[in-house]
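Raw input-v2.pdb, PDB, C-alpha atoms:
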ATOM      1  CA  MET L  86     182.773  -0.593 129.639
ATOM      2  CA  PHE L  87     181.722   2.781 131.024
ATOM      3  CA  CYS L  88     178.104   3.905 131.545
ATOM      4  CA  LYS L  89     176.970   7.192 133.037
ATOM      5  CA  ARG L  90     174.258   9.848 132.919
ATOM      6  CA  TYR L  91     175.072  13.536 132.552
ATOM      7  CA  PRO L  92     172.723  16.527 132.505
ATOM      8  CA  SER L  93     174.342  18.160 129.480
ATOM      9  CA  VAL L  94     176.687  17.562 126.567
ATOM     10  CA  ARG L  95     179.173  19.970 128.083
ATOM     11  CA  ALA L  96     179.312  18.052 131.372
ATOM     12  CA  SER L  97     179.669  14.728 129.568
ATOM     13  CA  TYR L  98     182.499  16.055 127.391
ATOM     14  CA  GLU L  99     184.600  17.446 130.237
ATOM     15  CA  ASN L 100     184.130  14.406 132.476
ATOM     16  CA  LEU L 101     184.673  11.836 129.738
ATOM     17  CA  ILE L 102     188.002  13.370 128.769
ATOM     18  CA  ILE L 103     189.286  13.083 132.333
ATOM     19  CA  GLU L 104     187.994   9.493 132.479
ATOM     20  CA  VAL L 105     189.733   8.443 129.252
ATOM     21  CA  LEU L 106     192.996  10.228 130.082
ATOM     22  CA  ASN L 107     193.124   8.685 133.545
ATOM     23  CA  ASN L 108     191.706   5.230 132.918
ATOM     24  CA  GLY L 109     191.909   4.581 129.188
ATOM     25  CA  ASN L 110     194.016   1.795 127.728
ATOM     26  CA  GLU L 111     196.820   2.678 125.360
ATOM     27  CA  MET L 112     196.459   1.459 121.771
ATOM     28  CA  ILE L 113     197.926   2.163 118.334
ATOM     29  CA  THR L 114     195.547   2.831 115.446
ATOM     30  CA  GLU L 115     195.760   1.407 111.919
ATOM     31  CA  ASP L 116     197.543   4.575 110.801
ATOM     32  CA  ASN L 117     200.044   4.317 113.659
ATOM     33  CA  GLN L 118     198.529   6.962 115.952
ATOM     34  CA  LYS L 119     198.873   6.563 119.720
ATOM     35  CA  CYS L 120     195.563   6.743 121.597
ATOM     36  CA  LYS L 121     194.033   6.206 124.976
ATOM     37  CA  GLU L 122     190.770   4.306 124.629
ATOM     38  CA  ILE L 123     187.820   3.044 126.633
ATOM     39  CA  ARG L 124     185.709   0.457 124.868
ATOM     40  CA  ASN L 125     181.919   0.599 124.900
ATOM     41  CA  VAL L 126     181.207   3.949 126.459
ATOM     42  CA  MET L 127     177.486   4.628 126.942
ATOM     43  CA  VAL L 128     176.362   8.107 127.924
ATOM     44  CA  GLU L 129     172.837   9.380 128.479
ATOM     45  CA  ILE L 130     172.225  13.123 128.222
ATOM     46  CA  THR L 131     169.231  13.698 130.487
ATOM     47  CA  ASN L 132     168.603  17.363 129.651
ATOM     48  CA  PRO L 133     169.615  17.912 126.009
ATOM     49  CA  LYS L 134     168.077  21.391 126.066
ATOM     50  CA  LEU L 135     171.261  22.488 127.858
ATOM     51  CA  LYS L 136     173.369  23.281 124.808
ATOM     52  CA  GLY L 137     176.252  25.150 126.392
ATOM     53  CA  ILE L 138     179.636  24.617 124.751
ATOM     54  CA  SER L 139     182.600  23.748 126.919
ATOM     55  CA  LYS L 140     185.282  26.414 127.106
ATOM     56  CA  LYS L 141     187.707  23.502 126.972
ATOM     57  CA  TYR L 142     186.540  22.361 123.540
ATOM     58  CA  PRO L 143     189.501  23.298 121.319
ATOM     59  CA  LEU L 144     187.568  23.899 118.077
ATOM     60  CA  GLY L 145     184.926  26.185 119.563
ATOM     61  CA  LYS L 146     181.405  27.277 118.680
ATOM     62  CA  ASN L 147     181.984  27.813 114.948
ATOM     63  CA  ALA L 148     183.093  24.212 114.424
ATOM     64  CA  ILE L 149     179.970  22.920 116.164
ATOM     65  CA  GLU L 150     177.681  25.166 114.129
ATOM     66  CA  LYS L 151     179.385  24.097 110.891
ATOM     67  CA  TYR L 152     179.105  20.402 111.774
ATOM     68  CA  THR L 153     175.410  20.773 112.634
ATOM     69  CA  ASN L 154     174.671  22.687 109.440
ATOM     70  CA  ASN L 155     176.498  20.113 107.298
ATOM     71  CA  LEU L 156     174.671  17.252 109.026
ATOM     72  CA  LEU L 157     171.212  18.748 108.509
ATOM     73  CA  TYR L 158     171.608  20.492 105.166
ATOM     74  CA  GLY L 159     174.699  19.044 103.480
ATOM     75  CA  SER L 160     178.052  20.432 102.456
ATOM     76  CA  GLU L 161     179.383  21.703  99.155
ATOM     77  CA  GLN L 162     182.729  20.088  99.906
ATOM     78  CA  GLU L 163     183.333  16.565  98.630
ATOM     79  CA  PHE L 164     184.416  13.915 101.106
ATOM     80  CA  SER L 165     184.764  10.162 100.801
ATOM     81  CA  TYR L 166     181.536  10.098 102.805
ATOM     82  CA  ASP L 167     179.023  12.657 104.007
ATOM     83  CA  TYR L 168     176.635  12.102 106.917
ATOM     84  CA  HIS L 169     173.919  14.223 105.342
ATOM     85  CA  GLU L 170     174.072  12.146 102.180
ATOM     86  CA  ARG L 171     174.058   8.859 104.081
ATOM     87  CA  LEU L 172     171.030   9.900 106.145
ATOM     88  CA  PHE L 173     169.004  11.920 103.639
ATOM     89  CA  GLU L 174     170.213  10.474 100.304
ATOM     90  CA  TYR L 175     171.534   7.010 101.123
ATOM     91  CA  PRO L 176     173.025   5.624  97.885
ATOM     92  CA  ASN L 177     172.676   2.068  96.654
ATOM     93  CA  GLU L 178     175.417   0.279  94.734
ATOM     94  CA  THR L 179     174.274   1.693  91.386
ATOM     95  CA  LYS L 180     173.508   5.172  92.781
ATOM     96  CA  ILE L 181     170.321   5.139  90.689
ATOM     97  CA  LYS L 182     167.919   5.259  93.610
ATOM     98  CA  GLU L 183     168.554   7.107  96.848
ATOM     99  CA  ILE L 184     166.738   6.629 100.164
ATOM    100  CA  ASN L 185     165.814   9.471 102.500
ATOM    101  CA  GLN L 186     166.083   7.630 105.811
ATOM    102  CA  ILE L 187     165.055  10.657 107.872
ATOM    103  CA  GLU L 188     161.857  11.061 105.859
ATOM    104  CA  PHE L 189     161.164   7.360 106.428
ATOM    105  CA  ILE L 190     161.656   7.770 110.202
ATOM    106  CA  ILE L 191     159.277  10.738 110.377
ATOM    107  CA  ASN L 192     156.572   8.960 108.369
ATOM    108  CA  LYS L 193     157.036   5.731 110.301
ATOM    109  CA  LEU L 194     156.600   7.414 113.681
ATOM    110  CA  ARG L 195     153.634   9.428 112.488
ATOM    111  CA  LYS L 196     151.953   6.213 111.380
ATOM    112  CA  ASN L 197     152.935   4.032 114.330
ATOM    113  CA  ILE L 198     153.972   5.816 117.494
ATOM    114  CA  ASN L 199     155.160   2.563 119.103
ATOM    115  CA  SER L 200     157.405   1.488 116.236
ATOM    116  CA  ARG L 201     160.873   0.087 116.926
ATOM    117  CA  ARG L 202     161.801   0.339 113.257
ATOM    118  CA  ALA L 203     162.548   4.058 113.092
ATOM    119  CA  ILE L 204     166.234   3.553 112.353
ATOM    120  CA  SER L 205     168.874   4.847 109.977
ATOM    121  CA  ILE L 206     172.338   3.567 109.093
ATOM    122  CA  THR L 207     175.357   5.168 107.481
ATOM    123  CA  TRP L 208     177.617   2.226 106.625
ATOM    124  CA  ASN L 209     177.341   1.277 102.957
ATOM    125  CA  PRO L 210     179.063  -2.070 102.267
ATOM    126  CA  PHE L 211     179.360  -1.377  98.536
ATOM    127  CA  ILE L 212     181.453   1.719  99.297
ATOM    128  CA  ASP L 213     182.942   1.389 102.761
ATOM    129  CA  THR L 214     184.304  -2.155 102.657
ATOM    130  CA  ASN L 215     186.353  -1.261  99.587
ATOM    131  CA  ILE L 216     187.677   1.920 101.197
ATOM    132  CA  SER L 217     188.518  -0.044 104.354
ATOM    133  CA  LYS L 218     190.824  -2.306 102.351
ATOM    134  CA  LEU L 219     193.004   0.681 101.486
ATOM    135  CA  ASP L 220     195.773   2.140 103.638
ATOM    136  CA  HIS L 221     194.082   5.532 103.501
ATOM    137  CA  GLY L 222     190.508   6.730 103.184
ATOM    138  CA  SER L 223     187.711   7.673 105.565
ATOM    139  CA  VAL L 224     184.619   5.660 106.419
ATOM    140  CA  PRO L 225     181.735   6.733 108.684
ATOM    141  CA  CYS L 226     182.326   6.759 112.429
ATOM    142  CA  LEU L 227     178.622   7.228 113.154
ATOM    143  CA  GLN L 228     176.923   3.960 112.242
ATOM    144  CA  TYR L 229     173.360   3.816 113.514
ATOM    145  CA  ILE L 230     170.565   6.030 114.842
ATOM    146  CA  GLN L 231     167.287   4.848 116.356
ATOM    147  CA  PHE L 232     164.285   6.776 117.603
ATOM    148  CA  LEU L 233     161.604   5.530 120.002
ATOM    149  CA  ILE L 234     158.505   7.374 121.166
ATOM    150  CA  ARG L 235     157.527   6.539 124.721
ATOM    151  CA  ASP L 236     155.183   8.580 126.941
ATOM    152  CA  ASN L 237     154.812  10.992 124.013
ATOM    153  CA  LYS L 238     158.528  11.816 124.060
ATOM    154  CA  LEU L 239     161.132  11.038 121.394
ATOM    155  CA  TYR L 240     164.173   9.138 122.651
ATOM    156  CA  GLN L 241     167.275   9.023 120.473
ATOM    157  CA  THR L 242     170.069   6.431 120.560
ATOM    158  CA  VAL L 243     173.184   6.532 118.383
ATOM    159  CA  LEU L 244     176.082   4.137 117.846
ATOM    160  CA  PHE L 245     179.605   5.158 116.854
ATOM    161  CA  ARG L 246     182.128   2.505 115.852
ATOM    162  CA  SER L 247     184.900   4.995 116.652
ATOM    163  CA  ASN L 248     184.783   8.391 118.350
ATOM    164  CA  ASP L 249     187.470  11.065 118.617
ATOM    165  CA  LEU L 250     186.510  12.351 122.036
ATOM    166  CA  LEU L 251     188.622  15.504 122.214
ATOM    167  CA  LEU L 252     187.880  17.029 118.801
ATOM    168  CA  ALA L 253     184.718  15.353 117.477
ATOM    169  CA  TYR L 254     182.415  14.167 120.281
ATOM    170  CA  HIS L 255     181.159  17.590 121.368
ATOM    171  CA  ALA L 256     180.107  18.557 117.830
ATOM    172  CA  ASN L 257     178.777  15.058 117.085
ATOM    173  CA  VAL L 258     176.378  15.048 120.012
ATOM    174  CA  LEU L 259     175.077  18.606 119.675
ATOM    175  CA  GLY L 260     174.535  18.113 115.946
ATOM    176  CA  LEU L 261     172.721  14.815 116.403
ATOM    177  CA  ILE L 262     170.516  16.252 119.159
ATOM    178  CA  LYS L 263     169.531  19.003 116.733
ATOM    179  CA  LEU L 264     168.579  16.308 114.224
ATOM    180  CA  GLY L 265     166.501  14.561 116.889
ATOM    181  CA  GLU L 266     164.747  17.788 117.831
ATOM    182  CA  MET L 267     163.920  18.396 114.177
ATOM    183  CA  ILE L 268     162.349  14.926 113.902
ATOM    184  CA  ALA L 269     160.420  15.398 117.157
ATOM    185  CA  ASN L 270     159.010  18.654 115.821
ATOM    186  CA  GLU L 271     157.957  17.010 112.546
ATOM    187  CA  VAL L 272     156.292  14.124 114.357
ATOM    188  CA  GLY L 273     154.641  16.435 116.888
ATOM    189  CA  VAL L 274     156.107  15.110 120.145
ATOM    190  CA  GLU L 275     158.464  16.424 122.788
ATOM    191  CA  TYR L 276     162.147  15.551 122.527
ATOM    192  CA  GLY L 277     163.156  13.318 125.456
ATOM    193  CA  ASN L 278     166.787  12.393 125.948
ATOM    194  CA  TYR L 279     169.833  11.314 123.993
ATOM    195  CA  THR L 280     171.926   8.154 124.443
ATOM    196  CA  HIS L 281     175.384   7.883 122.890
ATOM    197  CA  HIS L 282     177.175   4.532 122.521
ATOM    198  CA  SER L 283     180.786   4.574 121.357
ATOM    199  CA  VAL L 284     182.475   1.218 120.760
ATOM    200  CA  SER L 285     185.870   2.942 120.804
ATOM    201  CA  MET L 286     185.956   6.232 122.688
ATOM    202  CA  HIS L 287     189.472   7.568 122.353
ATOM    203  CA  ILE L 288     191.852  10.504 122.560
ATOM    204  CA  TYR L 289     194.891  10.938 120.308
ATOM    205  CA  VAL L 290     197.410  11.570 123.045
ATOM    206  CA  ASP L 291     200.381  12.405 120.798
ATOM    207  CA  ARG L 292     198.600  14.201 117.963
ATOM    208  CA  ASP L 293     196.614  16.409 120.351
ATOM    209  CA  LYS L 294     199.075  16.716 123.224
ATOM    210  CA  ASP L 295     199.169  20.523 122.953
ATOM    211  CA  TYR L 296     195.372  20.729 123.333
ATOM    212  CA  ILE L 297     195.479  18.257 126.219
ATOM    213  CA  ASN L 298     198.183  20.221 128.023
ATOM    214  CA  LYS L 299     196.358  23.492 127.446
ATOM    215  CA  TYR L 300     192.840  22.487 128.451
ATOM    216  CA  PHE L 301     193.179  19.351 130.574
ATOM    217  CA  LYS L 302     196.559  19.604 132.245
TER     218      LYS L 302
END

Using structure tokens, write down the structure from this file.
Amino acid sequence: MFCKRYPSVRASYENLIIEVLNNGNEMITEDNQKCKEIRNVMVEITNPKLKGISKKYPLGKNAIEKYTNNLLYGSEQEFSYDYHERLFEYPNETKIKEINQIEFIINKLRKNINSRRAISITWNPFIDTNISKLDHGSVPCLQYIQFLIRDNKLYQTVLFRSNDLLLAYHANVLGLIKLGEMIANEVGVEYGNYTHHSVSMHIYVDRDKDYINKYFK
């Protein structure tokens, strides 16, 4: 387990990569990819207003902007899952009725500022357990988001079952902070800080060895 506070997403990204490369345990994924992994990484971003992008992030600013836009507004591309759909149009098994979990969170916090029930989930057992039985197919890495208002500030906590640190984490966190800021604005409170819990924080050391050698040699 690894727990630490960082002032910004950029600082957390650069330091976490060094930590995983130096101290991570080697493991082989279900699809036979070699990784270095630290289990149960918890990171608190204390000043999420600092949105600088690391020059060592291989995919750059455009990838982060695209991820954020897709998260908040959806994508025209079809995937086996879509975070926007799971958060804003969560399907049930019949797909007859959809649930806007973000709308629920906003209304819940407006009604009860002390609520501990302002949560959203992405895992859908009717879809994702069946996909997980297959040799191929993607299921959500982000699993859970919770918002608490304390001292008139909105605090955001997220849980990832699995997190590609090198290529995904930077975009994940900046996109989710943007979502949190949007909710804070709708509720009428200040955005506080962001806490990120990854059950498996990992780097694909063979697949991404060129990026690693270029940016983190």

Tell me which residues the PyMOL selection byres ((chain L and resi 186) around 10) grabs here, as a PDB file with C-alpha atoms, in the coordinates of the input.
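Below is the file result-v2.pdb, written as the result:
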ATOM      1  CA  GLU L 170     174.072  12.146 102.180  1.00  0.00           C
ATOM      2  CA  ARG L 171     174.058   8.859 104.081  1.00  0.00           C
ATOM      3  CA  LEU L 172     171.030   9.900 106.145  1.00  0.00           C
ATOM      4  CA  PHE L 173     169.004  11.920 103.639  1.00  0.00           C
ATOM      5  CA  GLU L 174     170.213  10.474 100.304  1.00  0.00           C
ATOM      6  CA  TYR L 175     171.534   7.010 101.123  1.00  0.00           C
ATOM      7  CA  GLU L 183     168.554   7.107  96.848  1.00  0.00           C
ATOM      8  CA  ILE L 184     166.738   6.629 100.164  1.00  0.00           C
ATOM      9  CA  ASN L 185     165.814   9.471 102.500  1.00  0.00           C
ATOM     10  CA  ILE L 187     165.055  10.657 107.872  1.00  0.00           C
ATOM     11  CA  GLU L 188     161.857  11.061 105.859  1.00  0.00           C
ATOM     12  CA  PHE L 189     161.164   7.360 106.428  1.00  0.00           C
ATOM     13  CA  ILE L 190     161.656   7.770 110.202  1.00  0.00           C
ATOM     14  CA  ILE L 191     159.277  10.738 110.377  1.00  0.00           C
ATOM     15  CA  ASN L 192     156.572   8.960 108.369  1.00  0.00           C
ATOM     16  CA  ALA L 203     162.548   4.058 113.092  1.00  0.00           C
ATOM     17  CA  ILE L 204     166.234   3.553 112.353  1.00  0.00           C
ATOM     18  CA  SER L 205     168.874   4.847 109.977  1.00  0.00           C
ATOM     19  CA  ILE L 206     172.338   3.567 109.093  1.00  0.00           C
ATOM     20  CA  THR L 207     175.357   5.168 107.481  1.00  0.00           C
TER      21      THR L 207
END

Quick one: everything within 8 Å of region 134-143 of chain L, counting all atoms listed in the file, minus sequence neighbours fewer than 3 positions away in the same chain. Send it as an MDAnalysis selection string. chainID L and resid 92:96 98:99 146 251:252 255 259 296 300:301

Translate the PyMOL selection byres ((chain L and resi 260) around 12) into a concrete residue list for this structure, as a PDB file with C-alpha atoms, in the frame of the given file.
ATOM      1  CA  VAL L  94     176.687  17.562 126.567  1.00  0.00           C
ATOM      2  CA  PRO L 133     169.615  17.912 126.009  1.00  0.00           C
ATOM      3  CA  LYS L 136     173.369  23.281 124.808  1.00  0.00           C
ATOM      4  CA  LYS L 146     181.405  27.277 118.680  1.00  0.00           C
ATOM      5  CA  ALA L 148     183.093  24.212 114.424  1.00  0.00           C
ATOM      6  CA  ILE L 149     179.970  22.920 116.164  1.00  0.00           C
ATOM      7  CA  GLU L 150     177.681  25.166 114.129  1.00  0.00           C
ATOM      8  CA  LYS L 151     179.385  24.097 110.891  1.00  0.00           C
ATOM      9  CA  TYR L 152     179.105  20.402 111.774  1.00  0.00           C
ATOM     10  CA  THR L 153     175.410  20.773 112.634  1.00  0.00           C
ATOM     11  CA  ASN L 154     174.671  22.687 109.440  1.00  0.00           C
ATOM     12  CA  ASN L 155     176.498  20.113 107.298  1.00  0.00           C
ATOM     13  CA  LEU L 156     174.671  17.252 109.026  1.00  0.00           C
ATOM     14  CA  LEU L 157     171.212  18.748 108.509  1.00  0.00           C
ATOM     15  CA  TYR L 158     171.608  20.492 105.166  1.00  0.00           C
ATOM     16  CA  TYR L 168     176.635  12.102 106.917  1.00  0.00           C
ATOM     17  CA  HIS L 169     173.919  14.223 105.342  1.00  0.00           C
ATOM     18  CA  LEU L 227     178.622   7.228 113.154  1.00  0.00           C
ATOM     19  CA  VAL L 243     173.184   6.532 118.383  1.00  0.00           C
ATOM     20  CA  ALA L 253     184.718  15.353 117.477  1.00  0.00           C
ATOM     21  CA  TYR L 254     182.415  14.167 120.281  1.00  0.00           C
ATOM     22  CA  HIS L 255     181.159  17.590 121.368  1.00  0.00           C
ATOM     23  CA  ALA L 256     180.107  18.557 117.830  1.00  0.00           C
ATOM     24  CA  ASN L 257     178.777  15.058 117.085  1.00  0.00           C
ATOM     25  CA  VAL L 258     176.378  15.048 120.012  1.00  0.00           C
ATOM     26  CA  LEU L 259     175.077  18.606 119.675  1.00  0.00           C
ATOM     27  CA  LEU L 261     172.721  14.815 116.403  1.00  0.00           C
ATOM     28  CA  ILE L 262     170.516  16.252 119.159  1.00  0.00           C
ATOM     29  CA  LYS L 263     169.531  19.003 116.733  1.00  0.00           C
ATOM     30  CA  LEU L 264     168.579  16.308 114.224  1.00  0.00           C
ATOM     31  CA  GLY L 265     166.501  14.561 116.889  1.00  0.00           C
ATOM     32  CA  GLU L 266     164.747  17.788 117.831  1.00  0.00           C
ATOM     33  CA  MET L 267     163.920  18.396 114.177  1.00  0.00           C
ATOM     34  CA  TYR L 279     169.833  11.314 123.993  1.00  0.00           C
TER      35      TYR L 279
END

Could you state the separation of CA of Ile234 (chain L) and CA of Lys89 (chain L) in Å, given to one decimal place? 22.0 Å

Would you kindly return, as number ranges by chain, each protein, DNA or RNA residue with an atom no farther than 8 Å from any atom of Met86 (chain L), considering all atoms listed in the file and excluding same-chain residues fewer than 5 positions away? L: 123-127

Please provide the set of residues having any atom within 10 Å of Val224 (chain L), restricted to all atoms listed in the file, with same-chain residues fewer than 6 positions apart removed, written as a PyMOL selection string. chain L and resi 164-167+207-209+212-217

The PyMOL selection byres ((chain L and resi 226) around 8) on the file shown: which residues, as a ChimeraX atom specification? /L:224-225,227-228,245-248

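One finds CA of Ser285 (chain L) at 10.3 Å from CA of Leu244 (chain L).
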
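Minimum atom-to-atom distance to Arg201 (chain L), evaluated using all atoms listed in the file, belongs to L:Leu233 out of L:Val284, L:Lys218, L:Ser223, L:Leu233.
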
Would you compute the distance between CA of Arg90 (chain L) and CA of His282 (chain L)? Give it in Å to one decimal. 12.0 Å

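Counting all atoms listed in the file, the residue from L:Ile102, L:Ile268, L:Leu194, L:Met286 that sits nearest to Glu122 (chain L) is L:Met286.
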
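Minimum atom-to-atom distance to His221 (chain L), evaluated using all atoms listed in the file, belongs to L:Asn117 out of L:Asn270, L:Gln241, L:Asn117, L:Ser160.
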
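Between Asp236 (chain L) and the candidates L:Phe87, L:Gly277, L:Lys119, L:Asp249, the tightest atom-to-atom separation, counting all atoms listed in the file, involves L:Gly277.
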